[in-house]
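**Student:** Here it is, the structure in full.
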Amino acid sequence: MPDETQTLSPALTDRTAVEPLASRPEAWLTRLVIAGIVLAALNLRPAITSLGALLEEARVGLHMSGSVAGVLTSVPPLCFALFGIAAPRLARRFGAGAVVCAGMAAIATGLLIRPFAGGTVGFLAASALALMGIAVSNVLMPVIIKRYFPDRVGSMTGLYSMALALGTSAAAAATVPMTEALGGGWRVGLGIWAVLAALAVLPWIGLVRGRGAAARSTPAAPAQDTRAPRVTRSRTAWALGCFFGLQATGAYITMGWMPQIFRDAGVSAGTAGVLLAVTMVMGVPLAFVIPRLATRMRTQGPIVVALGLCGLTGYAGLFFAPAAGAWAWALLLGISNCAFPLALTMIGMRSRTGIGVVRLSAFAQSTGYLISIPGPLLVGVLYQHSGGWGLPIALMAGLIVPQVAVGILAGRDRTIEDEC
């Protein structure tokens, strides 16, 4: 059976953000797109990290069992995988910009409703709504960047990744102090992030309207080959999906367990939290540098190896001297976690067409997030049954090896169209 995207009519494909890449938006529209990218990126993680900061208070307030709270921490990657699959179909139907606009609205609505849902079921449903908006936006942001900035994929991916890292760390660090400053409980502390998400809707509304006006005033572009490659037949796509999944596994394990490793080694709880913040903040400057460097190289394998070596060194330090070199290990693991912006950059580089980027982004991210789900849970099981961190840290280090291997394959100078 032929791939459904190979039989799309020209009218249907024109509605995606997959128009000819040579077309350039007006200057005001470019500025609007940049504002939209930055604001969207700032909102793609606070729904998760703000809850992590107030999880205990929310669990008690909702009378949530410990097991349910534990499942809640594994819901984000599952939602990213499931809802991300729908992003290409939605983009073909409504346009990528319109879908991201709806995604930002879903995030704002979910964050506003979630704290006041009145029970565990409502809380989970509102969380799922916000995560659905995050999932489709995750997939389509590389598409937006490829569409509007085909000659600046590295720098714009860096800007996007830097804003994403900033939003992640800001929500983790500011939620509790902001809750105390507002004099409210955990409900106010979680709900306040809906304001930032609501602001992110505005530029995307302007963008969608601007695109409509441009379409009415611009002559039709010549017909082009809009057939989508069958991504599942591409070894590069599979390598990129596995690379995305393994780096996501390492990131979720680090965020979930690194403070506990330091605390069990004798580091104070406050210092352990600061060490995690250091690891997360490393993504802000490096998320801008690494994509720019990656786009100037024919193959990205050397960057993959360098990041992997940083991760192996950091885990070795956690194994042999977790407290003595804590700051060094936190820095090295923060560098290693910057495989995420590299993966996003390679998504934009491994396809020649916009519609190919849509399919590759959805496939790589959905596959990757599915791969990442068991990792943090397995670390917890090993820690509980072994009574120490030796086996879990060995697992973390061991996962770096296949990550480097598939990253080298994904970083080769070829596109999925070459293989499909």
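Residues in the structure tokens are numbered from 1 in each chain, the chains being A, B, ... in the order shown, and ligands are numbered from 1 in the order shown.
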Show me a table, sorted first by chain and then by increasing residue number, of the residues of range 154-253 of chain A having an atom at most 9 Å from range 103-111 of chain A, each with its shortest atom pair and the distance in Å to one decimal, counting only C-alpha atoms and written as JSON lines.

**Tutor:**
{"residue": "A:Leu190", "atom": "CA", "partner": "A:Leu111", "partner_atom": "CA", "distance": 7.1}
{"residue": "A:Gly191", "atom": "CA", "partner": "A:Leu111", "partner_atom": "CA", "distance": 5.6}
{"residue": "A:Ile192", "atom": "CA", "partner": "A:Leu111", "partner_atom": "CA", "distance": 8.1}
{"residue": "A:Trp193", "atom": "CA", "partner": "A:Leu111", "partner_atom": "CA", "distance": 6.8}
{"residue": "A:Ala194", "atom": "CA", "partner": "A:Ala108", "partner_atom": "CA", "distance": 4.6}
{"residue": "A:Val195", "atom": "CA", "partner": "A:Ala108", "partner_atom": "CA", "distance": 7.1}
{"residue": "A:Leu196", "atom": "CA", "partner": "A:Ala108", "partner_atom": "CA", "distance": 7.8}
{"residue": "A:Ala197", "atom": "CA", "partner": "A:Ala108", "partner_atom": "CA", "distance": 4.8}
{"residue": "A:Ala198", "atom": "CA", "partner": "A:Ala108", "partner_atom": "CA", "distance": 5.4}
{"residue": "A:Leu199", "atom": "CA", "partner": "A:Met104", "partner_atom": "CA", "distance": 8.9}
{"residue": "A:Ala200", "atom": "CA", "partner": "A:Met104", "partner_atom": "CA", "distance": 6.3}
{"residue": "A:Val201", "atom": "CA", "partner": "A:Met104", "partner_atom": "CA", "distance": 5.5}
{"residue": "A:Trp204", "atom": "CA", "partner": "A:Met104", "partner_atom": "CA", "distance": 8.6}

**Student:** Each residue of range 312-382 of chain A with at least one atom at most 10 Å from range 404-408 of chain A should appear once, together with its nearest atom pair and the corresponding distance in Å (one decimal); atoms considered: only C-alpha atoms; ordering: chain, then increasing residue number; output as JSON lines.

**Tutor:**
{"residue": "A:Ala339", "atom": "CA", "partner": "A:Gly407", "partner_atom": "CA", "distance": 9.2}
{"residue": "A:Leu342", "atom": "CA", "partner": "A:Gly407", "partner_atom": "CA", "distance": 9.6}
{"residue": "A:Ala343", "atom": "CA", "partner": "A:Gly407", "partner_atom": "CA", "distance": 8.5}
{"residue": "A:Met346", "atom": "CA", "partner": "A:Gly407", "partner_atom": "CA", "distance": 9.7}

**Student:** Those same residues, written as an mmCIF file, in the first residue's frame with N, CA, C and O atoms?

**Tutor:**
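Saved to again13.cif:
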data_model
loop_
_atom_site.group_PDB
_atom_site.id
_atom_site.type_symbol
_atom_site.label_atom_id
_atom_site.label_comp_id
_atom_site.auth_asym_id
_atom_site.auth_seq_id
_atom_site.Cartn_x
_atom_site.Cartn_y
_atom_site.Cartn_z
ATOM 1 N N ALA A 339 23.346 16.457 24.302
ATOM 2 C CA ALA A 339 23.034 15.662 23.116
ATOM 3 C C ALA A 339 21.636 15.979 22.604
ATOM 4 O O ALA A 339 21.332 15.710 21.430
ATOM 5 N N LEU A 342 21.733 18.652 19.905
ATOM 6 C CA LEU A 342 22.394 18.031 18.759
ATOM 7 C C LEU A 342 21.411 17.144 17.993
ATOM 8 O O LEU A 342 21.381 17.155 16.754
ATOM 9 N N ALA A 343 20.601 16.374 18.722
ATOM 10 C CA ALA A 343 19.607 15.521 18.071
ATOM 11 C C ALA A 343 18.595 16.354 17.284
ATOM 12 O O ALA A 343 18.232 16.003 16.155
ATOM 13 N N MET A 346 20.234 17.548 14.080
ATOM 14 C CA MET A 346 20.364 16.496 13.076
ATOM 15 C C MET A 346 19.022 16.168 12.434
ATOM 16 O O MET A 346 18.972 15.781 11.259
#

**Student:** Can you pull out every residue from range 38-73 of chain A that DSSP, working from the backbone, puts in alpha helix (DSSP H), and format the result as a PyMOL selection string?

**Tutor:** chain A and resi 38-42+46-53+55-61+66-73

**Student:** How about saving the chosen residues, N, CA and C atoms kept, as a PDB file, in the first residue's frame?

**Tutor:**
ATOM      1  N   VAL A  38      10.856  31.355  20.549  1.00  0.00           N
ATOM      2  CA  VAL A  38      11.423  31.528  21.890  1.00  0.00           C
ATOM      3  C   VAL A  38      10.353  31.315  22.962  1.00  0.00           C
ATOM      4  N   LEU A  39       9.191  31.938  22.788  1.00  0.00           N
ATOM      5  CA  LEU A  39       8.137  31.796  23.796  1.00  0.00           C
ATOM      6  C   LEU A  39       7.613  30.362  23.862  1.00  0.00           C
ATOM      7  N   ALA A  40       7.513  29.703  22.709  1.00  0.00           N
ATOM      8  CA  ALA A  40       7.076  28.309  22.722  1.00  0.00           C
ATOM      9  C   ALA A  40       8.078  27.442  23.473  1.00  0.00           C
ATOM     10  N   ALA A  41       9.365  27.649  23.190  1.00  0.00           N
ATOM     11  CA  ALA A  41      10.400  26.847  23.845  1.00  0.00           C
ATOM     12  C   ALA A  41      10.389  27.046  25.352  1.00  0.00           C
ATOM     13  N   LEU A  42      10.166  28.264  25.801  1.00  0.00           N
ATOM     14  CA  LEU A  42      10.118  28.529  27.236  1.00  0.00           C
ATOM     15  C   LEU A  42       8.993  27.751  27.927  1.00  0.00           C
ATOM     16  N   PRO A  46       8.057  23.733  31.706  1.00  0.00           N
ATOM     17  CA  PRO A  46       7.566  24.123  33.032  1.00  0.00           C
ATOM     18  C   PRO A  46       6.414  23.274  33.548  1.00  0.00           C
ATOM     19  N   ALA A  47       5.578  22.725  32.673  1.00  0.00           N
ATOM     20  CA  ALA A  47       4.493  21.860  33.146  1.00  0.00           C
ATOM     21  C   ALA A  47       5.037  20.652  33.890  1.00  0.00           C
ATOM     22  N   ILE A  48       6.259  20.224  33.542  1.00  0.00           N
ATOM     23  CA  ILE A  48       6.874  19.047  34.162  1.00  0.00           C
ATOM     24  C   ILE A  48       7.703  19.439  35.370  1.00  0.00           C
ATOM     25  N   THR A  49       8.617  20.401  35.189  1.00  0.00           N
ATOM     26  CA  THR A  49       9.550  20.722  36.267  1.00  0.00           C
ATOM     27  C   THR A  49       8.896  21.500  37.402  1.00  0.00           C
ATOM     28  N   SER A  50       7.850  22.277  37.114  1.00  0.00           N
ATOM     29  CA  SER A  50       7.149  22.963  38.210  1.00  0.00           C
ATOM     30  C   SER A  50       6.428  21.949  39.084  1.00  0.00           C
ATOM     31  N   LEU A  51       5.888  20.906  38.482  1.00  0.00           N
ATOM     32  CA  LEU A  51       5.232  19.859  39.268  1.00  0.00           C
ATOM     33  C   LEU A  51       6.245  19.097  40.109  1.00  0.00           C
ATOM     34  N   GLY A  52       7.434  18.858  39.541  1.00  0.00           N
ATOM     35  CA  GLY A  52       8.471  18.176  40.316  1.00  0.00           C
ATOM     36  C   GLY A  52       8.824  18.933  41.583  1.00  0.00           C
ATOM     37  N   ALA A  53       8.836  20.267  41.507  1.00  0.00           N
ATOM     38  CA  ALA A  53       9.182  21.070  42.680  1.00  0.00           C
ATOM     39  C   ALA A  53       8.114  21.004  43.761  1.00  0.00           C
ATOM     40  N   LEU A  55       5.694  18.359  43.931  1.00  0.00           N
ATOM     41  CA  LEU A  55       5.026  17.071  43.807  1.00  0.00           C
ATOM     42  C   LEU A  55       4.512  16.562  45.145  1.00  0.00           C
ATOM     43  N   GLU A  56       5.295  16.698  46.202  1.00  0.00           N
ATOM     44  CA  GLU A  56       4.874  16.195  47.502  1.00  0.00           C
ATOM     45  C   GLU A  56       3.643  16.944  48.000  1.00  0.00           C
ATOM     46  N   GLU A  57       3.645  18.274  47.845  1.00  0.00           N
ATOM     47  CA  GLU A  57       2.487  19.065  48.277  1.00  0.00           C
ATOM     48  C   GLU A  57       1.249  18.715  47.457  1.00  0.00           C
ATOM     49  N   ALA A  58       1.421  18.529  46.144  1.00  0.00           N
ATOM     50  CA  ALA A  58       0.286  18.157  45.297  1.00  0.00           C
ATOM     51  C   ALA A  58      -0.227  16.765  45.649  1.00  0.00           C
ATOM     52  N   ARG A  59       0.675  15.842  45.936  1.00  0.00           N
ATOM     53  CA  ARG A  59       0.274  14.476  46.290  1.00  0.00           C
ATOM     54  C   ARG A  59      -0.565  14.468  47.560  1.00  0.00           C
ATOM     55  N   VAL A  60      -0.121  15.219  48.572  1.00  0.00           N
ATOM     56  CA  VAL A  60      -0.865  15.281  49.826  1.00  0.00           C
ATOM     57  C   VAL A  60      -2.199  16.002  49.622  1.00  0.00           C
ATOM     58  N   GLY A  61      -2.170  17.111  48.878  1.00  0.00           N
ATOM     59  CA  GLY A  61      -3.385  17.886  48.673  1.00  0.00           C
ATOM     60  C   GLY A  61      -4.457  17.139  47.905  1.00  0.00           C
ATOM     61  N   GLY A  66       1.333   7.047  46.782  1.00  0.00           N
ATOM     62  CA  GLY A  66       2.719   7.128  46.329  1.00  0.00           C
ATOM     63  C   GLY A  66       2.919   6.470  44.985  1.00  0.00           C
ATOM     64  N   SER A  67       2.213   5.366  44.739  1.00  0.00           N
ATOM     65  CA  SER A  67       2.371   4.674  43.456  1.00  0.00           C
ATOM     66  C   SER A  67       1.833   5.515  42.306  1.00  0.00           C
ATOM     67  N   VAL A  68       0.702   6.176  42.532  1.00  0.00           N
ATOM     68  CA  VAL A  68       0.146   7.042  41.495  1.00  0.00           C
ATOM     69  C   VAL A  68       1.078   8.214  41.224  1.00  0.00           C
ATOM     70  N   ALA A  69       1.644   8.777  42.278  1.00  0.00           N
ATOM     71  CA  ALA A  69       2.595   9.867  42.104  1.00  0.00           C
ATOM     72  C   ALA A  69       3.817   9.394  41.325  1.00  0.00           C
ATOM     73  N   GLY A  70       4.246   8.151  41.575  1.00  0.00           N
ATOM     74  CA  GLY A  70       5.377   7.617  40.833  1.00  0.00           C
ATOM     75  C   GLY A  70       5.059   7.440  39.362  1.00  0.00           C
ATOM     76  N   VAL A  71       3.846   6.965  39.059  1.00  0.00           N
ATOM     77  CA  VAL A  71       3.430   6.822  37.665  1.00  0.00           C
ATOM     78  C   VAL A  71       3.364   8.189  36.986  1.00  0.00           C
ATOM     79  N   LEU A  72       2.942   9.205  37.741  1.00  0.00           N
ATOM     80  CA  LEU A  72       2.817  10.549  37.190  1.00  0.00           C
ATOM     81  C   LEU A  72       4.141  11.052  36.629  1.00  0.00           C
ATOM     82  N   THR A  73       5.256  10.670  37.263  1.00  0.00           N
ATOM     83  CA  THR A  73       6.562  11.130  36.791  1.00  0.00           C
ATOM     84  C   THR A  73       6.969  10.492  35.473  1.00  0.00           C
TER      85      THR A  73
END

**Student:** Give me, please, the distance in Å between CA of Leu275 in chain A and CA of Met64 in chain A, quoted to one decimal.

**Tutor:**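 According to the coordinates, CA of Leu275 in chain A and CA of Met64 in chain A are separated by 29.0 Å.
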
**Student:** Would you kindly return, as a PDB file with N, CA, C and O atoms, in the first residue's frame, each protein, DNA or RNA residue with an atom no farther than 10 Å from any atom of range 255-265 of chain A, considering only C-alpha atoms and excluding same-chain residues fewer than 2 positions away?

**Tutor:**
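See part.pdb below for the written result:
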ATOM      1  N   THR A  49       8.617  20.401  35.189  1.00  0.00           N
ATOM      2  CA  THR A  49       9.550  20.722  36.267  1.00  0.00           C
ATOM      3  C   THR A  49       8.896  21.500  37.402  1.00  0.00           C
ATOM      4  O   THR A  49       9.330  21.407  38.544  1.00  0.00           O
ATOM      5  N   GLY A  52       7.434  18.858  39.541  1.00  0.00           N
ATOM      6  CA  GLY A  52       8.471  18.176  40.316  1.00  0.00           C
ATOM      7  C   GLY A  52       8.824  18.933  41.583  1.00  0.00           C
ATOM      8  O   GLY A  52       9.065  18.326  42.636  1.00  0.00           O
ATOM      9  N   THR A  73       5.256  10.670  37.263  1.00  0.00           N
ATOM     10  CA  THR A  73       6.562  11.130  36.791  1.00  0.00           C
ATOM     11  C   THR A  73       6.969  10.492  35.473  1.00  0.00           C
ATOM     12  O   THR A  73       7.848  11.015  34.777  1.00  0.00           O
ATOM     13  N   GLY A 250      19.087   9.206  29.465  1.00  0.00           N
ATOM     14  CA  GLY A 250      20.113   9.767  30.343  1.00  0.00           C
ATOM     15  C   GLY A 250      19.660  11.052  31.008  1.00  0.00           C
ATOM     16  O   GLY A 250      19.920  11.280  32.202  1.00  0.00           O
ATOM     17  N   ALA A 251      18.944  11.896  30.262  1.00  0.00           N
ATOM     18  CA  ALA A 251      18.484  13.166  30.831  1.00  0.00           C
ATOM     19  C   ALA A 251      17.450  12.938  31.924  1.00  0.00           C
ATOM     20  O   ALA A 251      17.510  13.560  32.996  1.00  0.00           O
ATOM     21  N   TYR A 252      16.487  12.043  31.692  1.00  0.00           N
ATOM     22  CA  TYR A 252      15.459  11.778  32.701  1.00  0.00           C
ATOM     23  C   TYR A 252      16.052  11.108  33.938  1.00  0.00           C
ATOM     24  O   TYR A 252      15.642  11.386  35.074  1.00  0.00           O
ATOM     25  N   ILE A 253      17.017  10.206  33.733  1.00  0.00           N
ATOM     26  CA  ILE A 253      17.681   9.580  34.880  1.00  0.00           C
ATOM     27  C   ILE A 253      18.432  10.624  35.695  1.00  0.00           C
ATOM     28  O   ILE A 253      18.365  10.641  36.936  1.00  0.00           O
ATOM     29  N   VAL A 267      26.329  14.452  50.664  1.00  0.00           N
ATOM     30  CA  VAL A 267      26.128  15.850  50.288  1.00  0.00           C
ATOM     31  C   VAL A 267      24.783  16.312  50.839  1.00  0.00           C
ATOM     32  O   VAL A 267      23.802  15.557  50.831  1.00  0.00           O
ATOM     33  N   SER A 268      24.717  17.541  51.313  1.00  0.00           N
ATOM     34  CA  SER A 268      23.476  18.049  51.879  1.00  0.00           C
ATOM     35  C   SER A 268      22.403  18.168  50.806  1.00  0.00           C
ATOM     36  O   SER A 268      22.692  18.277  49.609  1.00  0.00           O
ATOM     37  N   ALA A 269      21.143  18.166  51.251  1.00  0.00           N
ATOM     38  CA  ALA A 269      20.025  18.240  50.313  1.00  0.00           C
ATOM     39  C   ALA A 269      20.059  19.537  49.507  1.00  0.00           C
ATOM     40  O   ALA A 269      19.808  19.538  48.300  1.00  0.00           O
ATOM     41  N   GLY A 270      20.384  20.651  50.187  1.00  0.00           N
ATOM     42  CA  GLY A 270      20.442  21.934  49.490  1.00  0.00           C
ATOM     43  C   GLY A 270      21.511  21.952  48.426  1.00  0.00           C
ATOM     44  O   GLY A 270      21.294  22.413  47.306  1.00  0.00           O
ATOM     45  N   THR A 271      22.688  21.430  48.756  1.00  0.00           N
ATOM     46  CA  THR A 271      23.783  21.398  47.793  1.00  0.00           C
ATOM     47  C   THR A 271      23.465  20.453  46.635  1.00  0.00           C
ATOM     48  O   THR A 271      23.798  20.737  45.482  1.00  0.00           O
ATOM     49  N   ALA A 272      22.814  19.331  46.936  1.00  0.00           N
ATOM     50  CA  ALA A 272      22.431  18.389  45.879  1.00  0.00           C
ATOM     51  C   ALA A 272      21.484  19.056  44.885  1.00  0.00           C
ATOM     52  O   ALA A 272      21.591  18.834  43.670  1.00  0.00           O
ATOM     53  N   GLY A 273      20.565  19.875  45.384  1.00  0.00           N
ATOM     54  CA  GLY A 273      19.667  20.592  44.491  1.00  0.00           C
ATOM     55  C   GLY A 273      20.403  21.594  43.622  1.00  0.00           C
ATOM     56  O   GLY A 273      20.111  21.744  42.428  1.00  0.00           O
ATOM     57  N   VAL A 274      21.382  22.275  44.211  1.00  0.00           N
ATOM     58  CA  VAL A 274      22.178  23.233  43.437  1.00  0.00           C
ATOM     59  C   VAL A 274      22.993  22.511  42.368  1.00  0.00           C
ATOM     60  O   VAL A 274      23.141  22.998  41.235  1.00  0.00           O
ATOM     61  N   LEU A 275      23.515  21.335  42.700  1.00  0.00           N
ATOM     62  CA  LEU A 275      24.286  20.559  41.726  1.00  0.00           C
ATOM     63  C   LEU A 275      23.412  20.162  40.535  1.00  0.00           C
ATOM     64  O   LEU A 275      23.860  20.207  39.381  1.00  0.00           O
ATOM     65  N   LEU A 276      22.169  19.784  40.804  1.00  0.00           N
ATOM     66  CA  LEU A 276      21.266  19.468  39.700  1.00  0.00           C
ATOM     67  C   LEU A 276      20.993  20.714  38.862  1.00  0.00           C
ATOM     68  O   LEU A 276      20.949  20.640  37.622  1.00  0.00           O
ATOM     69  N   ALA A 277      20.831  21.858  39.522  1.00  0.00           N
ATOM     70  CA  ALA A 277      20.608  23.105  38.783  1.00  0.00           C
ATOM     71  C   ALA A 277      21.794  23.426  37.888  1.00  0.00           C
ATOM     72  O   ALA A 277      21.631  23.885  36.756  1.00  0.00           O
ATOM     73  N   THR A 279      23.814  21.259  36.516  1.00  0.00           N
ATOM     74  CA  THR A 279      23.731  20.339  35.380  1.00  0.00           C
ATOM     75  C   THR A 279      22.729  20.830  34.343  1.00  0.00           C
ATOM     76  O   THR A 279      22.989  20.807  33.133  1.00  0.00           O
ATOM     77  N   MET A 280      21.594  21.307  34.811  1.00  0.00           N
ATOM     78  CA  MET A 280      20.555  21.768  33.884  1.00  0.00           C
ATOM     79  C   MET A 280      20.940  23.078  33.210  1.00  0.00           C
ATOM     80  O   MET A 280      20.662  23.275  32.021  1.00  0.00           O
ATOM     81  N   LEU A 318      30.940   9.660  39.579  1.00  0.00           N
ATOM     82  CA  LEU A 318      29.876   9.334  40.527  1.00  0.00           C
ATOM     83  C   LEU A 318      30.096   7.964  41.166  1.00  0.00           C
ATOM     84  O   LEU A 318      29.745   7.738  42.324  1.00  0.00           O
ATOM     85  N   PHE A 319      30.689   7.048  40.425  1.00  0.00           N
ATOM     86  CA  PHE A 319      30.921   5.696  40.932  1.00  0.00           C
ATOM     87  C   PHE A 319      32.042   5.675  41.968  1.00  0.00           C
ATOM     88  O   PHE A 319      31.907   5.066  43.042  1.00  0.00           O
ATOM     89  N   ALA A 321      34.001   8.549  43.308  1.00  0.00           N
ATOM     90  CA  ALA A 321      34.149   9.646  44.280  1.00  0.00           C
ATOM     91  C   ALA A 321      33.014  10.639  44.123  1.00  0.00           C
ATOM     92  O   ALA A 321      33.223  11.783  43.709  1.00  0.00           O
ATOM     93  N   PRO A 322      31.787  10.238  44.438  1.00  0.00           N
ATOM     94  CA  PRO A 322      30.638  11.113  44.176  1.00  0.00           C
ATOM     95  C   PRO A 322      30.676  12.441  44.920  1.00  0.00           C
ATOM     96  O   PRO A 322      30.283  13.469  44.366  1.00  0.00           O
ATOM     97  N   ALA A 323      31.133  12.448  46.156  1.00  0.00           N
ATOM     98  CA  ALA A 323      31.124  13.682  46.935  1.00  0.00           C
ATOM     99  C   ALA A 323      32.377  14.519  46.681  1.00  0.00           C
ATOM    100  O   ALA A 323      32.297  15.749  46.594  1.00  0.00           O
ATOM    101  N   ALA A 324      33.521  13.869  46.545  1.00  0.00           N
ATOM    102  CA  ALA A 324      34.784  14.602  46.420  1.00  0.00           C
ATOM    103  C   ALA A 324      34.829  15.468  45.163  1.00  0.00           C
ATOM    104  O   ALA A 324      35.351  16.586  45.193  1.00  0.00           O
ATOM    105  N   ALA A 326      32.046  16.346  43.237  1.00  0.00           N
ATOM    106  CA  ALA A 326      30.640  16.536  42.878  1.00  0.00           C
ATOM    107  C   ALA A 326      30.434  17.626  41.827  1.00  0.00           C
ATOM    108  O   ALA A 326      29.678  17.443  40.869  1.00  0.00           O
ATOM    109  N   ALA A 330      28.898  17.106  38.043  1.00  0.00           N
ATOM    110  CA  ALA A 330      27.681  17.812  37.631  1.00  0.00           C
ATOM    111  C   ALA A 330      27.908  18.565  36.320  1.00  0.00           C
ATOM    112  O   ALA A 330      27.054  18.565  35.424  1.00  0.00           O
ATOM    113  N   LEU A 333      28.208  15.957  33.361  1.00  0.00           N
ATOM    114  CA  LEU A 333      26.919  15.388  32.986  1.00  0.00           C
ATOM    115  C   LEU A 333      26.017  16.441  32.329  1.00  0.00           C
ATOM    116  O   LEU A 333      25.204  16.109  31.459  1.00  0.00           O
ATOM    117  N   PRO A 376      14.399   5.446  33.821  1.00  0.00           N
ATOM    118  CA  PRO A 376      14.327   5.897  35.213  1.00  0.00           C
ATOM    119  C   PRO A 376      13.702   4.865  36.146  1.00  0.00           C
ATOM    120  O   PRO A 376      14.121   4.733  37.304  1.00  0.00           O
ATOM    121  N   LEU A 377      12.702   4.125  35.642  1.00  0.00           N
ATOM    122  CA  LEU A 377      12.077   3.097  36.476  1.00  0.00           C
ATOM    123  C   LEU A 377      13.057   1.968  36.776  1.00  0.00           C
ATOM    124  O   LEU A 377      13.119   1.460  37.911  1.00  0.00           O
ATOM    125  N   VAL A 379      16.342   2.155  36.900  1.00  0.00           N
ATOM    126  CA  VAL A 379      17.331   2.646  37.865  1.00  0.00           C
ATOM    127  C   VAL A 379      16.787   2.540  39.284  1.00  0.00           C
ATOM    128  O   VAL A 379      17.486   2.111  40.214  1.00  0.00           O
ATOM    129  N   GLY A 380      15.516   2.904  39.465  1.00  0.00           N
ATOM    130  CA  GLY A 380      14.909   2.799  40.789  1.00  0.00           C
ATOM    131  C   GLY A 380      14.836   1.367  41.287  1.00  0.00           C
ATOM    132  O   GLY A 380      15.090   1.094  42.468  1.00  0.00           O
ATOM    133  N   GLY A 388      22.390   0.012  46.798  1.00  0.00           N
ATOM    134  CA  GLY A 388      23.436   1.006  46.560  1.00  0.00           C
ATOM    135  C   GLY A 388      23.359   1.515  45.131  1.00  0.00           C
ATOM    136  O   GLY A 388      22.485   1.126  44.341  1.00  0.00           O
ATOM    137  N   TRP A 389      24.318   2.382  44.782  1.00  0.00           N
ATOM    138  CA  TRP A 389      24.287   3.018  43.479  1.00  0.00           C
ATOM    139  C   TRP A 389      25.252   2.404  42.472  1.00  0.00           C
ATOM    140  O   TRP A 389      25.369   2.903  41.346  1.00  0.00           O
ATOM    141  N   PRO A 392      23.115   0.817  39.394  1.00  0.00           N
ATOM    142  CA  PRO A 392      22.454   1.859  38.603  1.00  0.00           C
ATOM    143  C   PRO A 392      23.424   2.739  37.831  1.00  0.00           C
ATOM    144  O   PRO A 392      23.186   3.062  36.663  1.00  0.00           O
ATOM    145  N   ILE A 393      24.538   3.133  38.472  1.00  0.00           N
ATOM    146  CA  ILE A 393      25.503   3.983  37.772  1.00  0.00           C
ATOM    147  C   ILE A 393      26.161   3.204  36.636  1.00  0.00           C
ATOM    148  O   ILE A 393      26.434   3.750  35.558  1.00  0.00           O
TER     149      ILE A 393
END

**Student:** Pick out the closest residue to Leu246 in chain A from this set: A:Ser366, A:Thr299, A:Gln403, A:Thr168. Count only C-alpha atoms.

**Tutor:** A:Gln403

**Student:** Measuring atom to atom with only C-alpha atoms, identify which of A:Asn138, A:Thr120, A:Ser155, A:Thr175 is nearest to Pro77 in chain A.

**Tutor:**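 Of the candidates, the smallest distance to Pro77 in chain A is held by A:Asn138.
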
**Student:** Report, in Å to a single decimal, how far apart CA of Val284 in chain A and CA of Met396 in chain A are.

**Tutor:**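 Going from CA of Met396 in chain A over to CA of Val284 in chain A covers 23.1 Å.
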
**Student:** Excluding Val143 in chain A and its own-chain neighbours fewer than 4 positions away, which residues fall within 9 Å of it when counting only C-alpha atoms? Please give them as a list in words.

**Tutor:**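 So, after excluding close chain neighbours, the residues are Ala17, Val18, Ala96, Val139, Arg147, Tyr148, Gly348, Gly354, Ile355, Val357, Val358 and Ser361 of chain A.
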
**Student:** With N, CA and C atoms retained, write the just-selected residues as a PDB file, in the first residue's frame.

**Tutor:**
ATOM      1  N   ALA A  17       3.422  23.584   6.957  1.00  0.00           N
ATOM      2  CA  ALA A  17       4.574  24.484   6.919  1.00  0.00           C
ATOM      3  C   ALA A  17       5.660  23.819   6.097  1.00  0.00           C
ATOM      4  N   VAL A  18       5.287  23.351   4.922  1.00  0.00           N
ATOM      5  CA  VAL A  18       6.194  22.577   4.104  1.00  0.00           C
ATOM      6  C   VAL A  18       6.235  23.182   2.704  1.00  0.00           C
ATOM      7  N   ALA A  96       1.509  23.781  10.189  1.00  0.00           N
ATOM      8  CA  ALA A  96       2.307  23.609  11.404  1.00  0.00           C
ATOM      9  C   ALA A  96       2.142  24.778  12.367  1.00  0.00           C
ATOM     10  N   VAL A 139       7.439  18.166  18.219  1.00  0.00           N
ATOM     11  CA  VAL A 139       7.668  17.589  16.898  1.00  0.00           C
ATOM     12  C   VAL A 139       7.771  18.666  15.825  1.00  0.00           C
ATOM     13  N   ARG A 147      11.533  25.514   7.861  1.00  0.00           N
ATOM     14  CA  ARG A 147      10.722  26.248   6.889  1.00  0.00           C
ATOM     15  C   ARG A 147      11.158  27.710   6.769  1.00  0.00           C
ATOM     16  N   TYR A 148      11.325  28.382   7.888  1.00  0.00           N
ATOM     17  CA  TYR A 148      11.588  29.818   7.858  1.00  0.00           C
ATOM     18  C   TYR A 148      13.071  30.172   7.833  1.00  0.00           C
ATOM     19  N   GLY A 348      16.818  18.344  11.560  1.00  0.00           N
ATOM     20  CA  GLY A 348      16.697  19.327  10.487  1.00  0.00           C
ATOM     21  C   GLY A 348      17.669  19.114   9.351  1.00  0.00           C
ATOM     22  N   GLY A 354      10.760  19.945   3.620  1.00  0.00           N
ATOM     23  CA  GLY A 354       9.997  20.234   4.824  1.00  0.00           C
ATOM     24  C   GLY A 354       9.126  19.070   5.249  1.00  0.00           C
ATOM     25  N   ILE A 355       8.461  18.429   4.270  1.00  0.00           N
ATOM     26  CA  ILE A 355       7.584  17.320   4.636  1.00  0.00           C
ATOM     27  C   ILE A 355       8.392  16.150   5.169  1.00  0.00           C
ATOM     28  N   VAL A 357      11.127  16.534   6.985  1.00  0.00           N
ATOM     29  CA  VAL A 357      11.455  16.911   8.363  1.00  0.00           C
ATOM     30  C   VAL A 357      10.270  16.637   9.285  1.00  0.00           C
ATOM     31  N   VAL A 358       9.044  16.897   8.801  1.00  0.00           N
ATOM     32  CA  VAL A 358       7.861  16.603   9.611  1.00  0.00           C
ATOM     33  C   VAL A 358       7.834  15.130   9.993  1.00  0.00           C
ATOM     34  N   SER A 361      10.920  14.139  12.243  1.00  0.00           N
ATOM     35  CA  SER A 361      10.806  14.670  13.596  1.00  0.00           C
ATOM     36  C   SER A 361       9.800  13.863  14.408  1.00  0.00           C
TER      37      SER A 361
END
